[in-house]
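K.L.:
If it helps, the file is called work_29.txt and holds compact mmCIF, C-alpha atoms:
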```txt
# COMPACT_ATOMS: atom_id res chain seq x y z
CA MET A 1089 -85.54 20.10 45.98
CA LYS A 1090 -88.53 20.65 48.25
CA TRP A 1091 -88.65 21.00 52.02
CA THR A 1092 -89.39 17.64 53.66
CA SER A 1093 -89.80 16.79 57.34
CA LEU A 1094 -87.30 14.51 59.04
CA ASN A 1095 -89.97 11.88 59.66
CA ASP A 1096 -90.98 11.89 55.98
CA LEU A 1097 -87.34 11.67 54.86
CA ARG A 1098 -86.89 8.54 56.97
CA GLU A 1099 -89.96 6.96 55.41
CA GLN A 1100 -88.93 7.96 51.86
CA TYR A 1101 -85.54 6.32 52.25
CA LEU A 1102 -86.83 3.06 53.71
CA SER A 1103 -89.62 2.82 51.13
CA PHE A 1104 -87.18 3.49 48.28
CA PHE A 1105 -84.95 0.58 49.26
CA GLU A 1106 -87.91 -1.69 49.93
CA LYS A 1107 -88.76 -1.18 46.25
CA LYS A 1108 -85.21 -2.29 45.47
CA GLY A 1109 -85.83 -5.64 47.14
CA HIS A 1110 -84.58 -4.79 50.63
CA LEU A 1111 -86.19 -6.09 53.79
CA ARG A 1112 -87.08 -3.18 56.07
CA LEU A 1113 -86.07 -3.89 59.66
CA ASN A 1114 -86.95 -1.81 62.70
CA SER A 1115 -84.09 -0.06 64.45
CA PHE A 1116 -82.17 -2.39 66.72
CA SER A 1117 -81.95 -1.52 70.41
CA LEU A 1118 -79.27 0.90 71.56
CA VAL A 1119 -78.12 -1.95 73.83
CA PRO A 1120 -75.81 -4.22 71.78
CA ASP A 1121 -76.94 -7.84 71.49
CA ASN A 1122 -74.12 -10.19 72.52
CA ASP A 1123 -71.44 -7.69 71.51
CA LYS A 1124 -69.12 -6.84 74.38
CA SER A 1125 -66.98 -4.62 72.15
CA LEU A 1126 -69.60 -1.85 72.28
CA LEU A 1127 -71.20 -0.07 75.22
CA LEU A 1128 -73.93 1.42 73.01
CA ILE A 1129 -74.85 1.07 69.33
CA ASN A 1130 -72.94 3.86 67.58
CA SER A 1131 -73.54 3.26 63.87
CA GLY A 1132 -76.04 1.78 61.46
CA MET A 1133 -73.88 -1.22 60.68
CA ALA A 1134 -72.94 -2.07 64.28
CA PRO A 1135 -75.94 -4.38 64.88
CA MET A 1136 -75.26 -6.01 61.48
CA LYS A 1137 -71.73 -7.21 62.27
CA LYS A 1138 -72.92 -10.77 62.83
CA TYR A 1139 -74.41 -10.77 59.30
CA PHE A 1140 -71.28 -9.36 57.69
CA THR A 1141 -69.03 -11.91 59.40
CA GLY A 1142 -71.31 -14.82 58.52
CA GLU A 1143 -71.76 -15.68 62.18
CA VAL A 1144 -75.55 -15.35 61.72
CA ILE A 1145 -77.54 -15.78 58.51
CA PRO A 1146 -79.40 -12.52 57.73
CA PRO A 1147 -83.18 -12.60 57.25
CA ARG A 1148 -82.55 -11.48 53.67
CA ASN A 1149 -79.43 -10.64 51.65
CA ARG A 1150 -80.73 -7.08 51.21
CA VAL A 1151 -81.70 -5.11 54.31
CA THR A 1152 -82.54 -1.45 55.01
CA THR A 1153 -82.82 0.25 58.40
CA CYS A 1154 -82.92 3.55 60.20
CA GLN A 1155 -80.80 2.91 63.26
CA LYS A 1156 -80.81 4.81 66.56
CA CYS A 1157 -77.24 5.68 67.58
CA ILE A 1158 -75.44 7.14 70.59
CA ARG A 1159 -71.89 8.48 70.52
CA THR A 1160 -70.33 10.10 73.59
CA PRO A 1161 -66.57 10.68 72.94
CA ASP A 1162 -67.30 14.40 72.42
CA LEU A 1163 -69.87 14.74 75.22
CA GLU A 1164 -68.04 17.69 76.75
CA ARG A 1165 -68.40 19.54 73.43
CA VAL A 1166 -72.17 19.03 73.18
CA GLY A 1167 -73.84 22.40 73.52
CA TYR A 1168 -70.65 24.35 72.93
CA THR A 1169 -70.92 23.84 69.17
CA ALA A 1170 -73.93 23.46 66.89
CA ARG A 1171 -72.57 20.29 65.29
CA HIS A 1172 -71.84 18.03 68.26
CA GLY A 1173 -74.57 15.70 69.51
CA THR A 1174 -74.84 12.37 71.30
CA TYR A 1175 -78.01 10.98 69.67
CA PHE A 1176 -78.59 10.63 65.93
CA GLU A 1177 -80.24 8.34 63.39
CA MET A 1178 -78.36 6.52 60.65
CA LEU A 1179 -80.03 5.45 57.43
CA GLY A 1180 -78.58 2.35 55.83
CA ASN A 1181 -78.95 -0.10 52.97
CA PHE A 1182 -76.97 -3.30 53.29
CA SER A 1183 -76.02 -6.16 51.00
CA PHE A 1184 -74.68 -9.42 52.39
CA GLY A 1185 -72.96 -11.04 49.43
CA ASP A 1186 -75.66 -9.86 47.00
CA TYR A 1187 -75.29 -6.62 44.98
CA PHE A 1188 -72.16 -4.46 44.86
CA LYS A 1189 -70.85 -1.22 43.33
CA ASN A 1190 -72.79 -1.43 40.07
CA GLU A 1191 -76.08 -1.25 41.99
CA ALA A 1192 -75.15 0.70 45.14
CA ILE A 1193 -73.78 3.78 43.37
CA PRO A 1194 -76.66 4.26 40.89
CA TRP A 1195 -79.26 3.73 43.64
CA ALA A 1196 -77.64 6.36 45.83
CA TRP A 1197 -77.66 8.81 42.92
CA GLU A 1198 -81.26 7.94 42.03
CA PHE A 1199 -82.51 8.52 45.56
CA LEU A 1200 -80.77 11.87 45.96
CA THR A 1201 -81.43 13.32 42.51
CA GLU A 1202 -84.82 11.80 41.61
CA GLU A 1203 -86.57 11.02 44.90
CA LEU A 1204 -85.30 14.11 46.75
CA GLU A 1205 -84.70 16.21 43.63
CA ILE A 1206 -81.33 17.52 44.79
CA PRO A 1207 -79.71 19.32 41.80
CA LYS A 1208 -77.05 17.07 40.30
CA GLU A 1209 -74.58 19.93 39.96
CA LEU A 1210 -74.52 20.32 43.76
CA LEU A 1211 -73.38 16.75 44.39
CA TRP A 1212 -69.72 15.70 44.36
CA PRO A 1213 -68.69 12.03 44.68
CA SER A 1214 -65.40 10.98 46.21
CA VAL A 1215 -63.65 7.65 45.65
CA TYR A 1216 -60.63 5.89 47.10
CA GLU A 1217 -57.66 6.89 44.94
CA GLU A 1218 -56.99 3.28 43.87
CA ASP A 1219 -60.63 2.34 43.22
CA ASP A 1220 -60.76 2.68 39.44
CA GLU A 1221 -63.95 0.62 39.32
CA ALA A 1222 -65.99 3.08 41.40
CA TYR A 1223 -64.45 6.02 39.55
CA ALA A 1224 -65.53 4.54 36.20
CA ILE A 1225 -69.09 3.98 37.42
CA TRP A 1226 -69.39 7.62 38.51
CA ARG A 1227 -67.92 8.90 35.25
CA ASP A 1228 -69.27 6.51 32.64
CA VAL A 1229 -72.54 5.19 34.10
CA ILE A 1230 -73.77 8.12 36.20
CA GLY A 1231 -72.20 10.77 33.97
CA VAL A 1232 -70.59 12.96 36.62
CA PRO A 1233 -67.90 15.18 35.05
CA GLU A 1234 -64.37 14.10 35.95
CA GLU A 1235 -63.65 17.45 37.59
CA ARG A 1236 -66.40 16.73 40.16
CA ILE A 1237 -65.15 13.24 41.10
CA VAL A 1238 -62.58 13.59 43.85
CA LYS A 1239 -59.96 10.95 44.59
CA LEU A 1240 -58.98 10.77 48.27
CA GLY A 1241 -56.45 8.68 50.17
CA LYS A 1242 -56.74 5.79 52.57
CA GLU A 1243 -57.36 7.97 55.61
CA ASP A 1244 -60.52 9.43 54.07
CA ASN A 1245 -61.87 6.76 51.74
CA PHE A 1246 -60.89 3.34 53.01
CA TRP A 1247 -62.83 1.68 55.82
CA GLU A 1248 -61.02 -0.75 58.10
CA HIS A 1249 -60.69 -1.50 61.79
CA GLY A 1250 -57.77 -3.83 62.36
CA THR A 1251 -58.00 -7.31 60.87
CA GLY A 1252 -61.05 -8.60 59.04
CA PRO A 1253 -63.38 -7.35 56.29
CA CYS A 1254 -62.56 -3.91 54.91
CA GLY A 1255 -62.69 -1.93 51.70
CA PRO A 1256 -62.79 1.39 49.86
CA CYS A 1257 -65.52 3.99 50.32
CA SER A 1258 -67.33 6.29 47.92
CA GLU A 1259 -68.89 9.32 49.57
CA ILE A 1260 -71.31 11.89 48.16
CA TYR A 1261 -70.91 15.52 49.22
CA PHE A 1262 -73.41 18.36 48.99
CA ASP A 1263 -72.09 21.78 47.96
CA ARG A 1264 -73.56 24.27 50.46
CA GLY A 1265 -72.23 27.27 48.57
CA GLU A 1266 -69.36 29.73 48.65
CA LYS A 1267 -70.51 31.44 51.85
CA TYR A 1268 -69.50 28.28 53.77
CA GLY A 1269 -66.17 27.96 51.97
CA CYS A 1270 -62.59 28.92 52.64
CA GLY A 1271 -62.26 31.13 49.57
CA SER A 1272 -59.69 28.93 47.87
CA LYS A 1273 -60.23 28.30 44.16
CA ASP A 1274 -59.15 24.70 44.82
CA CYS A 1275 -61.84 24.17 47.48
CA LYS A 1276 -63.55 20.78 47.02
CA PRO A 1277 -64.49 17.68 49.09
CA GLY A 1278 -61.64 16.86 51.42
CA CYS A 1279 -61.12 20.53 52.32
CA ASP A 1280 -61.35 21.38 56.03
CA CYS A 1281 -63.90 24.16 55.51
CA ASP A 1282 -67.69 23.76 55.87
CA ARG A 1283 -68.65 24.16 52.21
CA TYR A 1284 -68.92 20.48 51.28
CA MET A 1285 -71.07 18.33 53.56
CA GLU A 1286 -70.82 14.56 53.33
CA ILE A 1287 -74.34 13.10 53.15
CA TRP A 1288 -73.80 9.54 51.88
CA ASN A 1289 -71.12 6.92 52.36
CA ASN A 1290 -70.99 3.67 50.42
CA VAL A 1291 -68.53 1.21 51.96
CA PHE A 1292 -67.47 -1.54 49.58
CA SER A 1293 -66.40 -4.42 51.81
CA GLN A 1294 -64.33 -6.44 49.35
CA PHE A 1295 -61.06 -7.29 51.10
CA ASN A 1296 -59.89 -9.13 54.18
CA ASN A 1297 -57.17 -7.38 56.20
CA MET A 1298 -54.79 -10.19 57.17
CA GLY A 1299 -53.11 -8.10 59.87
CA ASP A 1300 -49.65 -8.26 58.31
CA GLY A 1301 -50.07 -5.48 55.76
CA THR A 1302 -51.60 -7.73 53.12
CA TYR A 1303 -55.16 -7.94 51.80
CA THR A 1304 -57.04 -10.79 50.17
CA GLU A 1305 -60.24 -10.62 48.11
CA LEU A 1306 -63.43 -11.60 49.92
CA GLU A 1307 -65.38 -14.38 48.23
CA HIS A 1308 -68.66 -12.70 49.19
CA LYS A 1309 -68.50 -8.91 48.88
CA ASN A 1310 -70.78 -6.68 50.93
CA ILE A 1311 -72.28 -3.19 50.88
CA ASP A 1312 -72.52 -1.08 54.03
CA THR A 1313 -74.19 2.28 53.41
CA GLY A 1314 -74.52 5.00 56.01
CA MET A 1315 -76.25 8.36 55.85
CA GLY A 1316 -77.02 10.57 58.83
CA LEU A 1317 -80.73 11.37 58.83
CA GLU A 1318 -80.33 14.69 60.61
CA ARG A 1319 -77.51 15.69 58.27
CA LEU A 1320 -79.66 14.88 55.23
CA ALA A 1321 -82.51 16.88 56.77
CA CYS A 1322 -80.17 19.88 57.12
CA VAL A 1323 -79.62 19.81 53.34
CA ILE A 1324 -83.26 19.29 52.40
CA GLN A 1325 -84.57 21.85 54.88
CA GLY A 1326 -81.87 24.42 54.12
CA VAL A 1327 -80.65 24.82 57.71
CA ASP A 1328 -77.15 25.06 59.09
CA ASN A 1329 -77.13 22.36 61.78
CA MET A 1330 -79.09 19.53 63.42
CA PHE A 1331 -80.58 21.79 66.08
CA GLU A 1332 -82.50 23.65 63.38
CA VAL A 1333 -84.01 20.50 61.79
CA ASP A 1334 -87.78 20.47 62.34
CA THR A 1335 -88.17 17.71 64.94
CA VAL A 1336 -85.11 18.80 66.92
CA ARG A 1337 -86.01 22.49 66.69
CA LYS A 1338 -89.40 21.79 68.31
CA ILE A 1339 -87.61 20.25 71.30
CA LEU A 1340 -85.26 23.23 71.43
CA ASP A 1341 -88.23 25.62 71.28
CA LYS A 1342 -89.81 23.75 74.20
CA VAL A 1343 -86.64 24.33 76.23
CA CYS A 1344 -86.97 28.04 75.42
CA GLU A 1345 -90.63 28.01 76.47
CA ILE A 1346 -89.86 26.33 79.80
CA SER A 1347 -86.90 28.60 80.55
CA GLY A 1348 -88.33 31.83 79.19
CA LYS A 1349 -85.11 32.31 77.20
CA LYS A 1350 -84.77 33.15 73.51
CA TYR A 1351 -82.40 31.11 71.37
CA GLY A 1352 -79.79 32.99 69.39
CA THR A 1353 -79.40 36.07 71.60
CA ASP A 1354 -76.84 34.94 74.19
CA LYS A 1355 -73.92 32.57 73.51
CA ASN A 1356 -73.87 30.99 76.96
CA VAL A 1357 -77.64 30.52 77.04
CA ASP A 1358 -77.48 28.89 73.60
CA ILE A 1359 -74.89 26.40 74.91
CA SER A 1360 -77.27 25.28 77.65
CA ILE A 1361 -80.31 25.15 75.37
CA ARG A 1362 -78.47 22.93 72.87
CA ALA A 1363 -77.09 20.65 75.60
CA ILE A 1364 -80.54 20.16 77.14
CA THR A 1365 -82.11 19.52 73.73
CA ASP A 1366 -79.58 16.86 72.79
CA HIS A 1367 -79.53 15.15 76.18
CA ALA A 1368 -83.32 14.99 76.37
CA ARG A 1369 -83.41 13.20 73.00
CA ALA A 1370 -80.67 10.75 73.96
CA SER A 1371 -82.08 10.02 77.43
CA THR A 1372 -85.58 9.37 76.10
CA PHE A 1373 -84.38 6.76 73.61
CA MET A 1374 -81.97 5.12 76.06
CA ILE A 1375 -84.67 4.66 78.71
CA SER A 1376 -87.06 3.35 76.04
CA ASP A 1377 -84.50 0.62 75.30
CA GLY A 1378 -84.37 -0.45 78.93
CA ILE A 1379 -81.36 1.50 80.20
CA ILE A 1380 -81.66 2.74 83.80
CA PRO A 1381 -79.40 5.36 85.46
CA SER A 1382 -76.56 3.77 87.44
CA ASN A 1383 -72.91 4.29 88.34
CA GLU A 1384 -71.55 1.91 85.74
CA GLY A 1385 -71.55 1.26 82.01
CA ARG A 1386 -74.37 2.53 79.84
CA GLY A 1387 -76.40 3.38 82.94
CA TYR A 1388 -73.66 5.83 83.89
CA VAL A 1389 -73.80 7.40 80.43
CA LEU A 1390 -77.53 7.95 80.93
CA ARG A 1391 -76.99 9.38 84.41
CA ARG A 1392 -74.41 11.82 83.06
CA LEU A 1393 -76.78 12.98 80.32
CA ILE A 1394 -79.70 13.57 82.68
CA ARG A 1395 -77.59 15.35 85.29
CA ARG A 1396 -75.81 17.46 82.68
CA ALA A 1397 -79.20 18.50 81.26
CA SER A 1398 -80.50 19.28 84.74
CA ARG A 1399 -77.50 21.44 85.55
CA HIS A 1400 -77.75 23.36 82.27
CA GLY A 1401 -81.40 23.98 83.13
CA LYS A 1402 -80.31 25.67 86.33
CA LEU A 1403 -77.76 27.73 84.42
CA ILE A 1404 -80.56 29.30 82.35
CA GLY A 1405 -82.84 29.91 85.29
CA ILE A 1406 -85.06 26.81 85.40
CA SER A 1407 -85.55 26.33 89.13
CA ARG A 1408 -87.92 23.34 89.04
CA PRO A 1409 -87.75 19.79 87.68
CA PHE A 1410 -88.50 20.11 83.97
CA LEU A 1411 -87.13 17.13 82.04
CA GLN A 1412 -90.29 15.08 82.48
CA GLU A 1413 -92.20 17.82 80.69
CA LEU A 1414 -89.58 18.13 77.96
CA ILE A 1415 -89.46 14.45 77.08
CA LEU A 1416 -93.15 14.58 76.16
CA THR A 1417 -92.11 16.81 73.25
CA VAL A 1418 -89.32 14.37 72.35
CA ILE A 1419 -91.85 11.54 72.25
CA GLU A 1420 -94.37 13.53 70.24
CA GLU A 1421 -91.78 14.48 67.60
CA ASN A 1422 -90.42 10.95 67.23
CA LYS A 1423 -93.41 8.65 67.70
CA ALA A 1424 -94.03 8.45 63.93
CA GLY A 1425 -90.79 6.52 63.47
CA TYR A 1426 -90.66 4.98 66.94
CA PRO A 1427 -94.20 4.28 68.23
CA GLU A 1428 -92.74 2.36 71.18
CA LEU A 1429 -91.80 5.72 72.71
CA TYR A 1430 -95.47 6.51 73.20
CA ASP A 1431 -96.16 3.04 74.61
CA LYS A 1432 -93.35 3.48 77.16
CA LYS A 1433 -94.14 7.11 77.95
CA GLU A 1434 -95.00 6.54 81.63
CA LEU A 1435 -91.85 4.50 82.23
CA ILE A 1436 -89.65 7.14 80.57
CA LYS A 1437 -91.29 9.91 82.60
CA LYS A 1438 -90.84 7.99 85.85
CA VAL A 1439 -87.18 7.12 85.29
CA ILE A 1440 -86.15 10.60 84.18
CA SER A 1441 -88.11 12.41 86.88
CA ASN A 1442 -86.71 10.15 89.64
CA GLU A 1443 -83.15 10.76 88.48
CA GLU A 1444 -83.68 14.51 88.16
CA ALA A 1445 -85.29 14.68 91.61
CA SER A 1446 -82.44 12.69 93.15
CA PHE A 1447 -79.86 14.99 91.61
CA SER A 1448 -81.78 18.13 92.58
CA LYS A 1449 -81.53 17.22 96.28
CA THR A 1450 -77.78 17.59 96.29
CA ILE A 1451 -76.81 19.70 93.28
CA ASP A 1452 -77.38 23.14 94.80
CA GLN A 1453 -75.31 22.40 97.87
CA GLY A 1454 -72.62 20.74 95.76
CA LEU A 1455 -72.53 23.67 93.34
CA ASN A 1456 -72.09 26.11 96.21
CA ILE A 1457 -69.19 24.09 97.62
CA LEU A 1458 -67.56 23.74 94.20
CA SER A 1459 -67.92 27.48 93.63
CA GLU A 1460 -66.02 28.12 96.86
CA LEU A 1461 -63.30 25.65 95.93
CA MET A 1462 -62.92 27.27 92.51
CA LYS A 1463 -62.12 30.66 94.01
CA ASN A 1464 -58.57 29.46 94.58
CA GLY A 1465 -58.09 28.76 90.88
CA GLY A 1466 -55.56 26.24 89.62
CA THR A 1467 -56.26 22.52 89.82
CA LEU A 1468 -58.99 21.05 92.02
CA SER A 1469 -57.56 18.34 94.26
CA GLY A 1470 -58.58 14.72 93.83
CA GLU A 1471 -59.74 14.73 97.46
CA ASP A 1472 -62.15 17.63 96.85
CA ALA A 1473 -63.43 16.05 93.63
CA PHE A 1474 -64.02 12.77 95.46
CA LYS A 1475 -65.91 14.51 98.25
CA LEU A 1476 -68.18 16.17 95.69
CA TYR A 1477 -68.84 12.77 94.14
CA ASP A 1478 -69.22 10.77 97.35
CA THR A 1479 -71.28 13.29 99.33
CA TYR A 1480 -73.13 15.35 96.73
CA GLY A 1481 -73.51 12.94 93.82
CA PHE A 1482 -71.29 14.93 91.44
CA PRO A 1483 -69.81 12.64 88.76
CA ILE A 1484 -66.19 13.48 88.02
CA ASP A 1485 -67.21 14.33 84.45
CA LEU A 1486 -69.66 16.97 85.65
CA THR A 1487 -67.00 18.47 87.90
CA LYS A 1488 -64.60 18.56 84.93
CA ASP A 1489 -67.29 20.15 82.77
CA ILE A 1490 -67.87 22.96 85.25
CA LEU A 1491 -64.15 23.53 85.85
CA SER A 1492 -63.36 23.67 82.13
CA GLU A 1493 -65.77 26.57 81.74
CA LYS A 1494 -63.45 28.53 84.03
CA GLY A 1495 -60.22 27.26 82.49
CA MET A 1496 -59.51 24.98 85.45
CA ASP A 1497 -58.59 21.32 85.77
CA VAL A 1498 -58.90 18.50 88.31
CA ASP A 1499 -56.45 15.96 89.70
CA GLU A 1500 -58.06 12.89 88.12
CA ASP A 1501 -55.29 10.55 89.28
CA GLY A 1502 -55.93 11.53 92.88
CA PHE A 1503 -59.67 11.12 92.39
CA ASN A 1504 -59.24 7.69 90.78
CA GLU A 1505 -57.00 6.51 93.61
CA LEU A 1506 -59.65 7.41 96.19
CA MET A 1507 -62.31 5.71 94.07
CA LYS A 1508 -60.14 2.58 94.00
CA ILE A 1509 -59.82 2.61 97.78
CA GLN A 1510 -63.58 3.02 98.15
CA ARG A 1511 -64.27 0.05 95.84
CA GLU A 1512 -61.81 -2.14 97.76
CA LYS A 1513 -63.51 -1.23 101.05
CA ALA A 1514 -66.92 -2.00 99.57
CA ARG A 1515 -65.63 -5.35 98.26
CA SER A 1516 -64.18 -6.25 101.66
CA SER A 1517 -67.42 -5.25 103.35
CA ARG A 1518 -69.45 -7.49 101.02
CA LYS A 1519 -67.13 -10.43 101.66
CA ALA A 1520 -67.43 -9.93 105.40
CA SER A 1521 -71.20 -9.74 105.11
CA ASP A 1522 -71.31 -12.91 103.02
CA GLY A 1523 -69.19 -14.67 105.61
CA GLU A 1524 -71.61 -13.80 108.40
CA SER A 1525 -74.73 -15.05 106.58
```
Kindly present the structure from the file in structure tokens form.
P.N.:
Amino acid sequence: MKWTSLNDLREQYLSFFEKKGHLRLNSFSLVPDNDKSLLLINSGMAPMKKYFTGEVIPPRNRVTTCQKCIRTPDLERVGYTARHGTYFEMLGNFSFGDYFKNEAIPWAWEFLTEELEIPKELLWPSVYEEDDEAYAIWRDVIGVPEERIVKLGKEDNFWEHGTGPCGPCSEIYFDRGEKYGCGSKDCKPGCDCDRYMEIWNNVFSQFNNMGDGTYTELEHKNIDTGMGLERLACVIQGVDNMFEVDTVRKILDKVCEISGKKYGTDKNVDISIRAITDHARASTFMISDGIIPSNEGRGYVLRRLIRRASRHGKLIGISRPFLQELILTVIEENKAGYPELYDKKELIKKVISNEEASFSKTIDQGLNILSELMKNGGTLSGEDAFKLYDTYGFPIDLTKDILSEKGMDVDEDGFNELMKIQREKARSSRKASDGES
């Protein structure tokens, strides 16, 4: 197993599956295409749903991609841990009614053990406890000893979301060693400790969930494979988390250079450095895909990321606008896989610098007022939170973020009620204006 850059890993994976007859597609936009169920693309298979359902005929029955993804449910945790992030890339090979388990499992093993030269003894497959077919392939075709094939239940190894196509999963875990383990002699994939890292997930879409507790066999079975690129890079590069992967680490190092701070010496400083690093990556890709900061939808997600990064910059002593400078490093580290970033460099710089400048005009005054309000402890009133939002441009999420650092809370119900009143006034005002014209 030799050290390989993240950009080279991406290319190795896509080239490998091209040789297996897959059509390589560029990453789809982070903005879902005619899919109102998603605010942002959050997985490799999300843009493929129309192919899996048969709504649209795929360009080929075998496809491989590296998909840009954004997930924000744990946004408040980003920075506070080394494993939470909003932006990541998902490698995938997909079959739409073509090959199935007999091909997908051996190809996964071939890529990991032959292409990447990961020692076989460090890889542990898991299967759904009722999937005897997948178990037999791992044991009899691949030759993995039975004691290293782990059977897991429906919660871990069966993919379904309500009615529709679903099926069992077979994951591949990498053994990081005893130092990451819990010490139990029974420690293996499925344990809550950090020893076994999932790096590959084959989803075998072979059933249709009828919604009444019954399942029927799909006539055309599909393969949906997902593998986090940054997670794979952690294994290949021998690092503990995504912030230490080469392309991400260079962004993190740029934050340190701009701030004059050293990573790894102060817990609170590290939180801010990680948050800025992640948010700069996410913001750059979102703007590249046409998202503009706003107060609603995906534009609001972008605004939160930029403002959160700007505030964390202030926390570590950066007193000037700096995100425009930082995103140049993001572009440089990612242009090999996404050349459009370089083509849109000026647009990205303009959007991010305008948003940072707008926020900078009010943040200092708002922070001072919030600091005074926090001296009383307890719960911040909805009225005070609304004033911070309405007058100083503080999103409620940023206020919550700052308060949580001090063990405080905010009256969100009160805030939401005032927001509702404001929207009704604005709506009435627009109607009156339309009536006059």
K.L.:
One decimal, Å: what's the distance from atom CA of Val1418 of chain A over to atom CA of Phe1373 of chain A, could you say?
P.N.:
9.2 Å
K.L.:
With distances taken over only C-alpha atoms, which residue among A:Ile1484, A:Met1089, A:Val1291, A:Leu1468 lies nearest Met1507 of chain A?
P.N.:
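Among A:Ile1484, A:Met1089, A:Val1291, A:Leu1468, it is A:Ile1484 that comes nearest to Met1507 of chain A.
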K.L.:
Could you check which of A:Pro1409, A:Gly1465, A:Pro1194, A:Gly1425 is closest to Asn1114 of chain A, using all atoms listed in the file?
P.N.:
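Closest residue, counting all atoms listed in the file: A:Gly1425.
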K.L.:
Report the distance between atom CA of Val1343 of chain A and atom CA of Glu1428 of chain A in Å, rounded to one decimal place.
P.N.:
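Atom-to-atom, atom CA of Val1343 of chain A and atom CA of Glu1428 of chain A are spaced 23.4 Å apart.
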K.L.:
Give the answer as one residue: which of A:Val1119, A:Leu1127, A:Cys1254, A:Leu1455 has the shortest atom-to-atom distance to Leu1306 of chain A, using all atoms listed in the file?
P.N.:
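Once distances to Leu1306 of chain A are computed over all atoms listed in the file, the minimum belongs to A:Cys1254.
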K.L.:
Ranking A:Ser1125, A:Asn1296, A:Ser1492, A:Thr1417 by minimum distance to Pro1253 of chain A and counting all atoms listed in the file, which one comes first?
P.N.:
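That would be A:Asn1296, the residue with the smallest distance to Pro1253 of chain A.
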K.L.:
I'd like to know which of A:Lys1156, A:Arg1098, A:Arg1396, A:Lys1124 is closest to Ile1451 of chain A, using only C-alpha atoms.
P.N.:
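Smallest separation from Ile1451 of chain A among the options: A:Arg1396.
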K.L.:
Between A:Glu1243, A:Asp1300, A:Glu1248, A:Ala1192, single out the one closest to Trp1226 of chain A, counting all atoms listed in the file.
P.N.:
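The answer is A:Ala1192, which sits nearest to Trp1226 of chain A.
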K.L.:
One number please: atom CA of Val1327 of chain A to atom CA of Tyr1175 of chain A, in Å, one decimal.
P.N.:
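According to the coordinates, atom CA of Val1327 of chain A and atom CA of Tyr1175 of chain A are separated by 18.5 Å.
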K.L.:
Sorted by chain and rising residue number, list the residues of segment 1155-1232 of chain A at most 12 Å from segment 1311-1314 of chain A (counting all atoms listed in the file), each with its closest atom pair and distance in Å to one decimal, as JSON lines.
P.N.:
```
{"residue": "A:Gln1155", "atom": "CA", "partner": "A:Gly1314", "partner_atom": "CA", "distance": 9.8}
{"residue": "A:Cys1157", "atom": "CA", "partner": "A:Gly1314", "partner_atom": "CA", "distance": 11.9}
{"residue": "A:Glu1177", "atom": "CA", "partner": "A:Gly1314", "partner_atom": "CA", "distance": 9.9}
{"residue": "A:Met1178", "atom": "CA", "partner": "A:Gly1314", "partner_atom": "CA", "distance": 6.2}
{"residue": "A:Leu1179", "atom": "CA", "partner": "A:Gly1314", "partner_atom": "CA", "distance": 5.7}
{"residue": "A:Gly1180", "atom": "CA", "partner": "A:Gly1314", "partner_atom": "CA", "distance": 4.9}
{"residue": "A:Asn1181", "atom": "CA", "partner": "A:Thr1313", "partner_atom": "CA", "distance": 5.3}
{"residue": "A:Phe1182", "atom": "CA", "partner": "A:Asp1312", "partner_atom": "CA", "distance": 5.0}
{"residue": "A:Ser1183", "atom": "CA", "partner": "A:Ile1311", "partner_atom": "CA", "distance": 4.8}
{"residue": "A:Phe1184", "atom": "CA", "partner": "A:Ile1311", "partner_atom": "CA", "distance": 6.8}
{"residue": "A:Gly1185", "atom": "CA", "partner": "A:Ile1311", "partner_atom": "CA", "distance": 8.0}
{"residue": "A:Asp1186", "atom": "CA", "partner": "A:Ile1311", "partner_atom": "CA", "distance": 8.4}
{"residue": "A:Tyr1187", "atom": "CA", "partner": "A:Ile1311", "partner_atom": "CA", "distance": 7.5}
{"residue": "A:Phe1188", "atom": "CA", "partner": "A:Ile1311", "partner_atom": "CA", "distance": 6.2}
{"residue": "A:Lys1189", "atom": "CA", "partner": "A:Ile1311", "partner_atom": "CA", "distance": 7.9}
{"residue": "A:Asn1190", "atom": "CA", "partner": "A:Ile1311", "partner_atom": "CA", "distance": 11.0}
{"residue": "A:Glu1191", "atom": "CA", "partner": "A:Ile1311", "partner_atom": "CA", "distance": 9.9}
{"residue": "A:Ala1192", "atom": "CA", "partner": "A:Ile1311", "partner_atom": "CA", "distance": 7.5}
{"residue": "A:Ile1193", "atom": "CA", "partner": "A:Thr1313", "partner_atom": "CA", "distance": 10.2}
{"residue": "A:Trp1195", "atom": "CA", "partner": "A:Thr1313", "partner_atom": "CA", "distance": 11.1}
{"residue": "A:Ala1196", "atom": "CA", "partner": "A:Thr1313", "partner_atom": "CA", "distance": 9.3}
```
K.L.:
Identify the residues around (-73.8, 18.2, 60.7) within a radius of 8 Å, measuring from only C-alpha atoms in the coordinates stated by the file, and give them as a count of residues only.
P.N.:
9
K.L.:
Taking (-68.6, 18.2, 36.7) in the coordinates of the supplied file, I want to know which residues reach to within 10 Å of it, counting all atoms listed in the file; could you give the answer as a count of residues only?
P.N.:
13
K.L.:
Per residue of segment 1410-1515 of chain A within 12 Å of segment 1158-1163 of chain A, record the nearest atom pair and its distance in Å to one decimal, counting all atoms listed in the file, with rows in chain order and ascending residue number, as a tab-separated table.
P.N.:
```
residue	atom	partner	partner_atom	distance
A:Asp1485	CA	A:Leu1163	CA	9.6
A:Leu1486	CA	A:Leu1163	CA	10.7
A:Lys1488	CA	A:Leu1163	CA	11.7
A:Asp1489	CA	A:Leu1163	CA	9.6
```
